[in-house]
$ cat upload.txt   # compact mmCIF, C-alpha atoms
# COMPACT_ATOMS: atom_id res chain seq x y z
CA MET A 192 -13.30 14.56 -0.02
CA LYS A 193 -11.15 13.49 2.88
CA SER A 194 -7.99 13.78 0.81
CA LYS A 195 -6.99 16.06 -2.04
CA SER A 196 -5.05 13.36 -3.87
CA LEU A 197 -6.18 9.82 -4.60
CA VAL A 198 -3.26 7.55 -3.91
CA SER A 199 -4.77 4.61 -2.04
CA ILE A 200 -8.37 3.46 -1.77
CA THR A 201 -8.16 3.97 1.99
CA ASP A 202 -7.53 7.71 1.43
CA PHE A 203 -11.27 7.99 0.81
CA THR A 204 -14.15 7.25 3.12
CA LYS A 205 -17.33 5.33 2.40
CA ASP A 206 -19.09 8.67 1.91
CA ASP A 207 -16.44 9.68 -0.63
CA TYR A 208 -16.99 6.43 -2.56
CA LEU A 209 -20.73 7.01 -2.66
CA ARG A 210 -20.30 10.58 -3.80
CA ILE A 211 -18.01 9.49 -6.61
CA LEU A 212 -20.48 6.79 -7.71
CA GLU A 213 -23.34 9.28 -7.64
CA LYS A 214 -21.38 11.74 -9.81
CA ALA A 215 -20.28 8.93 -12.14
CA ALA A 216 -23.95 8.09 -12.75
CA GLU A 217 -24.52 11.72 -13.74
CA PHE A 218 -21.61 11.59 -16.19
CA GLU A 219 -23.01 8.40 -17.62
CA LYS A 220 -26.20 10.33 -18.46
CA LYS A 221 -24.29 13.30 -19.86
CA SER A 222 -20.65 12.51 -20.45
CA TYR A 223 -19.58 15.59 -22.43
CA GLN A 224 -19.48 18.54 -20.03
CA ASN A 225 -17.04 21.37 -20.40
CA LEU A 226 -16.09 21.52 -16.73
CA LEU A 227 -12.34 21.60 -17.24
CA ASP A 228 -12.68 24.43 -19.78
CA SER A 229 -9.30 23.85 -21.48
CA LYS A 230 -7.45 23.30 -18.20
CA VAL A 231 -4.28 21.23 -18.62
CA ILE A 232 -4.01 17.81 -16.97
CA ALA A 233 -0.80 15.78 -17.05
CA THR A 234 -0.81 12.02 -17.58
CA LEU A 235 2.62 10.69 -16.66
CA PHE A 236 2.95 7.01 -17.49
CA PHE A 237 6.41 5.95 -16.40
CA GLU A 238 5.48 2.48 -17.51
CA PRO A 239 3.35 1.93 -20.58
CA SER A 240 -0.35 1.27 -20.21
CA THR A 241 -2.94 1.45 -22.92
CA ARG A 242 -6.29 0.92 -21.30
CA THR A 243 -5.84 3.00 -18.18
CA ARG A 244 -4.21 5.91 -19.97
CA LEU A 245 -6.81 6.05 -22.73
CA SER A 246 -9.58 5.83 -20.17
CA PHE A 247 -8.15 8.80 -18.26
CA GLU A 248 -7.51 10.77 -21.43
CA SER A 249 -11.01 10.07 -22.69
CA ALA A 250 -12.36 11.28 -19.34
CA ILE A 251 -10.26 14.48 -19.50
CA ASN A 252 -11.27 15.18 -23.11
CA ARG A 253 -14.96 14.67 -22.37
CA LEU A 254 -14.57 17.23 -19.58
CA GLY A 255 -13.10 19.70 -22.05
CA GLY A 256 -9.59 19.51 -20.66
CA ARG A 257 -6.26 19.27 -22.42
CA VAL A 258 -3.74 16.52 -21.88
CA ILE A 259 0.04 16.66 -21.71
CA GLY A 260 2.31 13.80 -20.75
CA PHE A 261 4.10 10.68 -21.87
CA ASN A 262 3.33 7.01 -22.07
CA ASP A 263 6.79 5.59 -21.80
CA SER A 264 9.54 7.00 -19.65
CA SER A 265 12.16 6.22 -22.32
CA THR A 266 10.81 9.23 -24.26
CA SER A 267 11.04 11.56 -21.27
CA SER A 268 13.88 13.08 -19.30
CA VAL A 269 13.56 10.16 -16.89
CA SER A 270 15.75 8.26 -19.33
CA LYS A 271 18.41 10.92 -18.73
CA GLY A 272 18.35 10.02 -15.07
CA GLU A 273 15.96 12.64 -13.75
CA THR A 274 14.53 11.76 -10.38
CA LEU A 275 10.81 11.34 -9.82
CA TYR A 276 11.07 14.24 -7.39
CA ASP A 277 12.31 16.60 -10.11
CA THR A 278 9.83 15.39 -12.72
CA ILE A 279 6.89 15.94 -10.39
CA ARG A 280 8.13 19.36 -9.25
CA VAL A 281 8.51 20.48 -12.85
CA VAL A 282 5.25 19.08 -14.22
CA SER A 283 3.41 20.62 -11.27
CA ASN A 284 4.15 23.98 -12.87
CA TYR A 285 2.57 22.90 -16.15
CA SER A 286 -0.73 21.37 -15.06
CA GLU A 287 -3.65 21.44 -12.65
CA LEU A 288 -3.52 17.76 -11.74
CA ILE A 289 -1.21 14.81 -12.37
CA VAL A 290 -2.40 11.32 -13.22
CA MET A 291 0.55 8.98 -12.83
CA ARG A 292 1.51 5.36 -13.24
CA HIS A 293 4.92 4.26 -12.03
CA PRO A 294 6.54 0.84 -11.62
CA LEU A 295 7.81 1.59 -8.10
CA GLU A 296 5.51 1.09 -5.12
CA GLY A 297 4.82 4.15 -3.02
CA SER A 298 5.79 6.49 -5.87
CA ALA A 299 2.35 8.12 -5.99
CA ARG A 300 2.30 8.71 -2.22
CA PHE A 301 5.73 10.29 -2.48
CA ALA A 302 4.61 12.45 -5.41
CA SER A 303 1.56 13.64 -3.49
CA GLU A 304 3.83 14.88 -0.70
CA ILE A 305 6.13 17.00 -2.84
CA THR A 306 3.61 18.98 -4.86
CA ASN A 307 0.70 21.30 -4.22
CA ILE A 308 -1.42 19.97 -7.06
CA PRO A 309 -3.50 16.79 -6.70
CA ILE A 310 -2.10 13.40 -7.72
CA ILE A 311 -4.26 10.56 -8.98
CA ASN A 312 -2.54 7.21 -8.72
CA ALA A 313 -3.11 5.17 -11.87
CA GLY A 314 -1.08 2.28 -10.48
CA ASP A 315 2.13 2.19 -8.45
CA GLY A 316 3.71 -1.18 -9.15
CA ALA A 317 1.91 -3.97 -7.34
CA ASN A 318 0.62 -1.60 -4.68
CA GLN A 319 -2.52 0.44 -5.44
CA HIS A 320 -4.77 1.25 -8.37
CA PRO A 321 -7.67 3.02 -6.66
CA THR A 322 -9.57 4.23 -9.74
CA GLN A 323 -9.90 0.58 -10.80
CA THR A 324 -11.48 -0.20 -7.45
CA LEU A 325 -13.93 2.67 -7.78
CA LEU A 326 -14.97 1.61 -11.27
CA ASP A 327 -15.40 -1.94 -9.93
CA LEU A 328 -17.67 -0.57 -7.20
CA TYR A 329 -19.61 1.42 -9.77
CA SER A 330 -20.03 -1.65 -11.97
CA ILE A 331 -21.22 -3.71 -9.02
CA GLN A 332 -23.69 -1.05 -7.91
CA LYS A 333 -24.97 -0.55 -11.43
CA THR A 334 -25.56 -4.24 -12.11
CA GLN A 335 -26.85 -5.24 -8.68
CA GLY A 336 -28.74 -2.05 -7.87
CA LYS A 337 -26.94 -1.87 -4.52
CA LEU A 338 -23.60 -2.40 -2.81
CA ASP A 339 -24.76 -3.78 0.53
CA ASN A 340 -24.91 -7.44 1.54
CA LEU A 341 -23.62 -8.97 -1.69
CA ASN A 342 -21.86 -12.31 -2.20
CA ILE A 343 -18.59 -11.59 -3.95
CA PHE A 344 -16.55 -14.40 -5.53
CA MET A 345 -12.90 -13.56 -6.10
CA VAL A 346 -11.20 -16.05 -8.39
CA GLY A 347 -7.62 -16.74 -9.44
CA ASP A 348 -4.53 -14.99 -8.12
CA LEU A 349 -5.67 -13.65 -4.78
CA LYS A 350 -2.17 -13.46 -3.37
CA TYR A 351 -0.58 -10.89 -5.67
CA GLY A 352 -3.66 -9.36 -7.29
CA ARG A 353 -3.76 -5.75 -6.11
CA THR A 354 -7.24 -5.23 -7.59
CA VAL A 355 -8.81 -7.89 -5.36
CA HIS A 356 -7.09 -6.54 -2.26
CA SER A 357 -8.33 -2.99 -2.84
CA LEU A 358 -11.80 -4.19 -3.80
CA LEU A 359 -11.94 -6.26 -0.63
CA MET A 360 -11.06 -3.21 1.46
CA ALA A 361 -13.70 -1.10 -0.27
CA LEU A 362 -16.46 -3.72 -0.13
CA SER A 363 -15.74 -4.42 3.51
CA GLU A 364 -17.59 -1.12 4.13
CA PHE A 365 -20.72 -2.67 2.61
CA ASN A 366 -21.16 -5.90 4.58
CA ALA A 367 -20.08 -8.18 1.73
CA THR A 368 -19.62 -11.93 2.09
CA PHE A 369 -16.52 -13.12 0.28
CA TYR A 370 -15.76 -16.39 -1.46
CA PHE A 371 -12.05 -16.77 -2.19
CA ILE A 372 -11.36 -19.29 -4.94
CA SER A 373 -7.73 -19.89 -5.77
CA PRO A 374 -5.02 -22.51 -5.95
CA ASP A 375 -3.21 -23.09 -2.66
CA GLU A 376 -0.17 -21.14 -3.78
CA LEU A 377 -2.20 -18.01 -4.55
CA ARG A 378 -4.53 -17.81 -1.56
CA MET A 379 -5.75 -14.53 -0.09
CA PRO A 380 -3.01 -13.26 2.29
CA GLU A 381 -3.56 -13.73 6.02
CA GLU A 382 -3.58 -9.99 6.75
CA TYR A 383 -6.81 -9.55 4.74
CA LYS A 384 -8.50 -12.52 6.38
CA LEU A 385 -7.48 -11.23 9.80
CA TYR A 386 -8.96 -7.87 8.88
CA LEU A 387 -12.28 -9.47 7.89
CA ASP A 388 -12.29 -11.46 11.13
CA LYS A 389 -11.66 -8.28 13.07
CA ILE A 390 -14.56 -6.41 11.52
CA GLY A 391 -16.81 -9.49 11.65
CA LEU A 392 -17.34 -10.18 7.94
CA LYS A 393 -17.78 -13.73 6.64
CA TYR A 394 -15.59 -15.37 4.04
CA HIS A 395 -15.21 -18.81 2.55
CA GLU A 396 -12.09 -20.26 0.98
CA SER A 397 -12.02 -23.00 -1.59
CA LYS A 398 -10.04 -24.39 -4.47
CA GLU A 399 -13.09 -24.74 -6.73
CA PHE A 400 -16.21 -22.63 -7.13
CA LYS A 401 -18.78 -24.93 -8.68
CA PRO A 402 -20.47 -26.08 -5.44
CA ASN A 403 -21.22 -22.54 -4.21
CA ILE A 404 -21.83 -20.83 -7.50
CA ILE A 405 -25.57 -20.43 -6.88
CA GLU A 406 -24.74 -17.92 -4.13
CA ALA A 407 -22.73 -15.55 -6.32
CA ASP A 408 -23.85 -11.99 -7.09
CA ILE A 409 -20.49 -11.07 -8.60
CA ILE A 410 -17.63 -13.20 -9.88
CA TYR A 411 -14.45 -11.16 -9.99
CA MET A 412 -11.91 -12.93 -12.18
CA THR A 413 -8.15 -12.29 -12.10
CA ARG A 414 -5.26 -13.54 -14.14
CA VAL A 415 -3.30 -16.55 -12.89
CA GLN A 416 0.22 -15.91 -14.12
CA LYS A 417 2.68 -18.67 -14.69
CA GLU A 418 5.56 -16.75 -13.11
CA ARG A 419 3.71 -16.65 -9.78
CA PHE A 420 4.17 -20.38 -9.30
CA SER A 421 7.31 -21.73 -7.68
CA ASP A 422 6.57 -25.13 -9.22
CA PRO A 423 5.83 -25.10 -12.97
CA ILE A 424 4.18 -28.53 -12.75
CA GLU A 425 1.77 -27.13 -10.19
CA TYR A 426 0.90 -24.36 -12.66
CA GLU A 427 0.21 -26.84 -15.46
CA ARG A 428 -1.98 -28.83 -13.10
CA THR A 429 -4.04 -25.89 -11.89
CA LYS A 430 -4.20 -23.45 -14.80
CA ASN A 431 -7.34 -24.88 -16.39
CA ALA A 432 -9.23 -25.05 -13.13
CA TYR A 433 -9.41 -21.23 -13.07
CA VAL A 434 -10.52 -20.63 -16.64
CA LEU A 435 -14.14 -19.53 -16.56
CA LYS A 436 -16.42 -21.37 -19.00
CA ASN A 437 -20.13 -21.03 -19.70
CA GLU A 438 -21.05 -24.35 -18.12
CA MET A 439 -19.43 -23.27 -14.85
CA ILE A 440 -21.88 -20.40 -14.41
CA GLU A 441 -25.02 -22.15 -15.71
CA ASP A 442 -26.47 -22.56 -12.22
CA SER A 443 -25.74 -19.01 -11.08
CA LYS A 444 -28.39 -16.36 -10.36
CA PRO A 445 -29.85 -14.64 -13.45
CA GLY A 446 -28.52 -11.24 -12.32
CA MET A 447 -25.02 -12.50 -11.53
CA LYS A 448 -22.25 -10.65 -13.39
CA VAL A 449 -18.69 -11.60 -14.25
CA LEU A 450 -16.14 -8.81 -13.82
CA HIS A 451 -12.47 -8.72 -14.77
CA PRO A 452 -10.04 -5.78 -14.49
CA LEU A 453 -8.55 -6.74 -17.90
CA PRO A 454 -6.32 -7.39 -19.75
CA ARG A 455 -7.52 -10.95 -19.99
CA VAL A 456 -5.23 -13.64 -21.29
CA ASN A 457 -7.03 -16.96 -21.15
CA GLU A 458 -8.78 -16.96 -17.80
CA ILE A 459 -12.22 -16.35 -19.32
CA HIS A 460 -13.14 -18.54 -22.28
CA PRO A 461 -14.21 -16.39 -25.30
CA ASP A 462 -17.58 -18.24 -25.34
CA VAL A 463 -18.47 -16.43 -22.13
CA ASP A 464 -18.26 -13.05 -23.91
CA ALA A 465 -21.69 -13.57 -25.47
CA ASN A 466 -23.21 -14.63 -22.15
CA ALA A 467 -25.50 -11.97 -20.65
CA LYS A 468 -23.67 -12.51 -17.38
CA ALA A 469 -20.38 -11.27 -18.85
CA TYR A 470 -19.84 -7.65 -17.89
CA TYR A 471 -16.10 -6.98 -18.29
CA PHE A 472 -16.34 -4.87 -21.43
CA GLN A 473 -19.11 -2.63 -20.08
CA GLN A 474 -16.94 -2.38 -16.96
CA THR A 475 -14.30 -0.52 -18.98
CA GLU A 476 -16.89 1.97 -20.23
CA ASN A 477 -17.85 2.66 -16.62
CA GLY A 478 -14.20 3.47 -15.98
CA VAL A 479 -14.47 6.65 -18.03
CA TYR A 480 -17.48 7.99 -16.08
CA VAL A 481 -15.88 7.12 -12.76
CA ARG A 482 -12.64 8.89 -13.74
CA GLN A 483 -14.62 11.94 -14.88
CA ALA A 484 -16.26 11.96 -11.46
CA ILE A 485 -12.96 11.61 -9.59
CA ILE A 486 -11.21 14.35 -11.57
CA SER A 487 -14.03 16.84 -11.27
CA LEU A 488 -14.57 16.16 -7.55
CA ILE A 489 -10.86 16.42 -6.75
CA LEU A 490 -10.63 19.73 -8.62
CA GLY A 491 -13.81 20.95 -6.93
CA LEU A 492 -15.63 21.46 -10.24
CA VAL A 493 -18.86 19.73 -9.22
CA MET B 71 23.14 -1.84 39.74
CA LYS B 72 24.66 1.44 40.75
CA ASP B 73 27.87 -0.25 41.88
CA LYS B 74 28.22 -2.04 38.62
CA ILE B 75 27.90 1.17 36.66
CA LEU B 76 30.51 2.89 38.76
CA GLU B 77 32.87 -0.02 38.22
CA VAL B 78 33.14 0.64 34.50
CA SER B 79 33.85 4.34 34.91
CA ALA B 80 31.82 6.86 36.77
CA ILE B 81 30.30 9.84 35.00
CA LYS B 82 29.28 12.99 36.76
CA ASP B 83 26.33 14.00 34.59
CA GLY B 84 24.90 12.15 31.67
CA THR B 85 23.16 9.00 30.57
CA VAL B 86 23.92 5.33 30.92
CA ILE B 87 22.18 2.97 28.53
CA ASP B 88 22.19 -0.53 29.91
CA HIS B 89 20.82 -3.90 28.79
CA ILE B 90 21.60 -3.48 25.13
CA PRO B 91 21.95 -6.88 23.42
CA ALA B 92 25.67 -7.17 22.60
CA ASP B 93 25.02 -7.69 18.91
CA SER B 94 22.93 -4.49 18.73
CA LEU B 95 25.54 -2.18 20.22
CA PHE B 96 26.76 -0.74 16.95
CA LYS B 97 23.22 -0.33 15.65
CA VAL B 98 22.37 1.66 18.77
CA ILE B 99 25.47 3.80 18.28
CA SER B 100 24.40 4.44 14.70
CA ILE B 101 20.72 5.13 15.50
CA LEU B 102 21.65 7.65 18.21
CA ARG B 103 24.30 9.20 15.93
CA LEU B 104 26.84 9.05 18.71
CA GLU B 105 29.59 9.90 16.27
CA ASP B 106 28.25 13.48 16.30
CA LYS B 107 28.35 13.85 20.08
CA ASP B 108 31.08 15.84 21.78
CA GLY B 109 30.95 14.43 25.30
CA MET B 110 33.04 11.56 26.53
CA ILE B 111 31.51 8.25 25.55
CA THR B 112 32.55 4.87 26.81
CA PHE B 113 31.03 1.57 25.97
CA GLY B 114 31.51 -2.01 27.00
CA THR B 115 30.28 -5.06 25.23
CA ASN B 116 30.03 -8.81 25.72
CA LEU B 117 29.39 -8.22 29.41
CA GLU B 118 27.78 -11.05 31.34
CA SER B 119 24.03 -10.71 31.67
CA LYS B 120 21.51 -13.15 33.13
CA LYS B 121 18.72 -11.69 31.01
CA LEU B 122 20.47 -11.15 27.69
CA ASN B 123 23.34 -13.60 27.86
CA LYS B 124 25.78 -11.02 26.48
CA LYS B 125 24.97 -7.38 26.90
CA ALA B 126 26.46 -4.03 26.08
CA ILE B 127 26.42 -0.75 27.96
CA ILE B 128 27.03 2.83 26.82
CA LYS B 129 27.92 5.73 29.10
CA LEU B 130 27.58 9.22 27.78
CA SER B 131 28.99 12.09 29.70
CA GLY B 132 27.00 15.31 29.44
CA VAL B 133 24.48 13.79 27.04
CA PHE B 134 20.75 13.63 27.72
CA PHE B 135 18.17 12.30 25.27
CA LYS B 136 14.64 13.31 24.49
CA ASP B 137 12.19 10.42 24.87
CA ASN B 138 11.39 10.52 21.15
CA ASP B 139 15.03 10.14 20.24
CA ILE B 140 15.87 7.41 22.69
CA ASN B 141 12.76 5.38 21.82
CA ARG B 142 14.21 4.86 18.36
CA ILE B 143 16.59 2.26 19.78
CA SER B 144 13.65 0.12 20.93
CA LEU B 145 13.70 -1.57 17.52
CA VAL B 146 17.09 -3.16 18.22
CA ALA B 147 17.28 -2.96 22.00
CA PRO B 148 13.73 -3.40 23.30
CA GLU B 149 14.88 -4.12 26.87
CA ALA B 150 17.30 -1.23 27.15
CA LYS B 151 17.23 0.73 30.39
CA LEU B 152 18.39 4.28 30.89
CA ASN B 153 19.92 5.75 33.97
CA ILE B 154 20.05 9.51 34.09
CA ILE B 155 22.99 10.62 36.17
CA ARG B 156 23.32 13.94 37.97
CA ASP B 157 26.29 14.54 40.21
CA TYR B 158 27.24 10.84 40.23
CA ASP B 159 23.76 9.78 41.34
CA VAL B 160 21.10 8.00 39.36
CA VAL B 161 18.28 10.53 39.50
CA GLU B 162 15.95 8.83 37.03
CA LYS B 163 15.47 5.44 35.42
CA LYS B 164 13.71 4.98 32.13
CA ILE B 165 12.77 2.10 29.88
CA VAL B 166 12.47 2.47 26.13
CA GLU B 167 9.12 2.23 24.39
CA VAL B 168 8.37 1.24 20.83
CA PRO B 169 6.94 4.39 19.20
CA ASP B 170 3.82 4.47 16.96
CA GLU B 171 5.79 5.78 14.04
CA ILE B 172 9.38 5.27 12.95
CA VAL B 173 10.93 8.00 10.82
CA GLY B 174 14.25 7.23 9.16
CA ILE B 175 16.54 4.55 10.64
CA VAL B 176 14.90 1.53 9.00
CA LYS B 177 15.19 0.52 5.37
CA CYS B 178 12.00 -0.77 3.73
CA MET B 179 12.47 -4.45 2.88
CA ASN B 180 10.52 -4.14 -0.39
CA PRO B 181 13.08 -3.76 -3.20
CA MET B 182 10.37 -2.15 -5.37
CA CYS B 183 9.62 0.56 -2.78
CA ILE B 184 10.28 4.10 -4.00
CA THR B 185 12.28 4.79 -0.81
CA ASN B 186 14.94 2.35 -2.04
CA HIS B 187 15.32 4.23 -5.32
CA GLU B 188 15.13 7.93 -4.49
CA LYS B 189 16.49 10.01 -1.66
CA ILE B 190 13.54 9.75 0.71
CA VAL B 191 13.45 9.53 4.49
CA THR B 192 11.58 6.32 5.29
CA LYS B 193 8.48 6.39 7.43
CA PHE B 194 6.71 3.44 9.02
CA GLN B 195 3.63 2.92 11.12
CA VAL B 196 4.27 0.38 13.88
CA ILE B 197 1.35 -2.03 13.51
CA ASP B 198 2.60 -4.62 15.99
CA LYS B 199 4.76 -3.33 18.82
CA LYS B 200 5.54 -6.75 20.27
CA LYS B 201 6.58 -8.52 17.10
CA ILE B 202 7.88 -5.24 15.60
CA HIS B 203 5.91 -5.17 12.37
CA LEU B 204 6.35 -1.92 10.46
CA ARG B 205 4.07 -0.79 7.62
CA CYS B 206 5.78 1.41 5.07
CA HIS B 207 4.02 4.75 4.66
CA TYR B 208 4.91 4.69 0.95
CA CYS B 209 4.61 1.16 -0.47
CA GLU B 210 2.32 -0.08 2.36
CA LYS B 211 4.30 -3.34 2.66
CA ILE B 212 5.28 -4.81 6.02
CA THR B 213 8.88 -4.95 7.18
CA ASP B 214 9.24 -7.38 10.09
CA LYS B 215 11.94 -7.65 12.72
CA GLU B 216 13.61 -10.51 10.94
CA HIS B 217 14.13 -8.48 7.74
CA MET B 218 14.76 -5.15 9.39
CA GLU B 219 17.86 -3.37 8.18
CA ILE B 220 19.09 -0.24 9.89
CA ARG B 221 20.00 2.48 7.44

$ encode --input "upload.txt" --output "structure tokens"
Amino acid sequence: MKSKSLVSITDFTKDDYLRILEKAAEFEKKSYQNLLDSKVIATLFFEPSTRTRLSFESAINRLGGRVIGFNDSSTSSVSKGETLYDTIRVVSNYSELIVMRHPLEGSARFASEITNIPIINAGDGANQHPTQTLLDLYSIQKTQGKLDNLNIFMVGDLKYGRTVHSLLMALSEFNATFYFISPDELRMPEEYKLYLDKIGLKYHESKEFKPNIIEADIIYMTRVQKERFSDPIEYERTKNAYVLKNEMIEDSKPGMKVLHPLPRVNEIHPDVDANAKAYYFQQTENGVYVRQAIISLILGLV
Amino acid sequence: MKDKILEVSAIKDGTVIDHIPADSLFKVISILRLEDKDGMITFGTNLESKKLNKKAIIKLSGVFFKDNDINRISLVAPEAKLNIIRDYDVVEKKIVEVPDEIVGIVKCMNPMCITNHEKIVTKFQVIDKKKIHLRCHYCEKITDKEHMEIR
């Protein structure tokens, strides 16, 4: 691994990604392996999260590790005004590795610089959530049999969605072609388009995805949140255009899969759940194997 | 140029920083931490300048800067010129350069950045030296010249 901690997806190289995916596939075959051998791992969730925390804790437990931590900073000394610096310094003495989620951006980078034990970023505000990106990559590889040369549709809030930005950066290593489908207000930021131009990757931008849907290998859905719109009327006008329904994916390739980082609110109609192309629940299962791989590689156990 | 400098008040040995935009003078003073310097310091501001309209100048007696230190002012005074004075003569002229990395000085414009909540020295990568676009090492957001606040 290029870096001891995993703070941002760009901390790892393409080779690192592939190594993680390879190990994740091994954990999928045999998930319960006592590699941690009762070692203590801290999960510090300064803002509550259910899915991500349980996924990490499931991964740690399957590896035979023990978990300490909190899931809400109001029950920790943070509520007494302790700085992040102090919390990290202290918990570093109690555990082999810290998994942390924090509402402030850059908090995980800062934490990784003030401790000798590895930090895994489980989300720092709107900034990075690299383990999500790696489980997305794993899900894409598993369903498509490859990562190279795929057509990736990103739908919904492409402006603020950190998952699509990180996934774009990761997939740009694999010659993807991107289709950005979003309302005008939530378009993919210029800096990412400039980056794709610079490295010579193709992308298409559109407000609707029906015409191109036949091209899609992956549809990556995101939540369009009301509070992102400056004009509430604009939200009412556009909200239904980005709700995925069965008829919208009728013409897509048989092997096409729909992914979503979850939680979903209403952006995928429940009818789609029974569609063989829906993959978002299996995607969460993959998250456990990928996190097992990341933890054991970072700690040098495999 | 030399005459003009001598007009304000001649220094024997030291540094003259010229072509500072008048409205950046106090930022430059703060960035260079001139309040901690012992030598005699004089400055003039709102001086006529063809290039800058109104400019400021700082003369520091017995003070010499390392390139790394002086380049920090490039964020607010990109056209600044330095004259190094030895025995009343200008022995060297320097222009400031925008460095690749800015440590301290600038406040990250992202209110949700950890650096605005804990005692942390800010750190930025300069991703566009002309437009002065700084990427925060911590939150990875861009602070541009327009929103740049000197700490």

$ residues_around --input "upload.txt" --residues "Thr243 of chain A" --least-positions-apart "2" --cutoff "10 Å" --atoms "only C-alpha atoms" --output "MDAnalysis selection string"
chainID A and resid 236 239:241 245:249 292 313:314 322:323 475 478:479

$ interface_residues --input "upload.txt" --of "chain B" --to "chain A" --cutoff "6 Å" --atoms "all atoms listed in the file" --output "PyMOL selection string"
chain B and resi 182-184+208-209

$ residues_around --input "upload.txt" --residues "Ile172 of chain B" --least-positions-apart "6" --cutoff "9 Å" --atoms "only C-alpha atoms" --output "VMD selection string"
chain B and resid 142 192 to 196 204

$ closest_residue --input "upload.txt" --among "B:Lys201, B:Lys129, B:Lys97, B:Lys164" --to "Thr112 of chain B" --atoms "all atoms listed in the file"
B:Lys129

$ atom_distance --input "upload.txt" --atom1 "atom CA of Ala361 of chain A" --atom2 "atom CA of Gln332 of chain A"
12.6 Å

$ residues_around --input "upload.txt" --residues "Leu145 of chain B" --least-positions-apart "5" --cutoff "8 Å" --atoms "only C-alpha atoms" --output "tab-separated table (two decimals) with C-alpha atoms, in the frame of the given file"
chain	number	residue	atom	x	y	z
B	168	VAL	CA	8.37	1.24	20.83
B	202	ILE	CA	7.88	-5.24	15.60
B	215	LYS	CA	11.94	-7.65	12.72

$ residues_near_point --input "upload.txt" --point "(12.6, 3.7, 22.1)" --cutoff "8 Å" --atoms "only C-alpha atoms" --output "list of chain:residue names"
B:Asp137, B:Asn138, B:Asp139, B:Ile140, B:Asn141, B:Arg142, B:Ile143, B:Ser144, B:Leu145, B:Pro148, B:Ile165, B:Val166, B:Glu167, B:Val168, B:Pro169

$ residues_around --input "upload.txt" --residues "Leu130 of chain B" --least-positions-apart "2" --cutoff "8 Å" --atoms "all atoms listed in the file" --output "ChimeraX atom specification"
/B:81,84-86,109-112,128,132-133

$ residues_near_point --input "upload.txt" --point "(26.9, -1.8, 21.5)" --cutoff "7 Å" --atoms "all atoms listed in the file" --output "list of chain:residue names"
B:Ile90, B:Ala92, B:Asp93, B:Ser94, B:Leu95, B:Phe96, B:Val98, B:Ile99, B:Phe113, B:Thr115, B:Ala126, B:Ile127

$ write_last_selection --input "upload.txt" --atoms "C-alpha atoms" --output "CSV table (one decimal), in the coordinates of the input"
chain,number,residue,atom,x,y,z
B,90,ILE,CA,21.6,-3.5,25.1
B,92,ALA,CA,25.7,-7.2,22.6
B,93,ASP,CA,25.0,-7.7,18.9
B,94,SER,CA,22.9,-4.5,18.7
B,95,LEU,CA,25.5,-2.2,20.2
B,96,PHE,CA,26.8,-0.7,17.0
B,98,VAL,CA,22.4,1.7,18.8
B,99,ILE,CA,25.5,3.8,18.3
B,113,PHE,CA,31.0,1.6,26.0
B,115,THR,CA,30.3,-5.1,25.2
B,126,ALA,CA,26.5,-4.0,26.1
B,127,ILE,CA,26.4,-0.8,28.0

$ residues_around --input "upload.txt" --residues "segment 427-438 of chain A" --least-positions-apart "4" --cutoff "8 Å" --atoms "all atoms listed in the file" --output "compact mmCIF listing (two decimals) with C-alpha atoms, in the coordinates of the input"
# COMPACT_ATOMS: atom_id res chain seq x y z
CA VAL A 346 -11.20 -16.05 -8.39
CA GLY A 347 -7.62 -16.74 -9.44
CA SER A 373 -7.73 -19.89 -5.77
CA PRO A 374 -5.02 -22.51 -5.95
CA GLU A 399 -13.09 -24.74 -6.73
CA VAL A 415 -3.30 -16.55 -12.89
CA PRO A 423 5.83 -25.10 -12.97
CA ASN A 457 -7.03 -16.96 -21.15
CA GLU A 458 -8.78 -16.96 -17.80
CA ILE A 459 -12.22 -16.35 -19.32
CA HIS A 460 -13.14 -18.54 -22.28
CA ASP A 462 -17.58 -18.24 -25.34
CA VAL A 463 -18.47 -16.43 -22.13
CA ASN A 466 -23.21 -14.63 -22.15

$ closest_residue --input "upload.txt" --among "A:Leu209, A:Ile390, A:Leu288, A:Val481" --to "Gly260 of chain A" --atoms "only C-alpha atoms"
A:Leu288

$ axis_aligned_box --input "upload.txt" --around "segment 207-221 of chain B" --padding-each-side "3 Å" --output "lines of an AutoDock Vina configuration file"
center_x = 11.2
center_y = -2.9
center_z = 6.1
size_x = 23.7
size_y = 21.3
size_z = 19.2
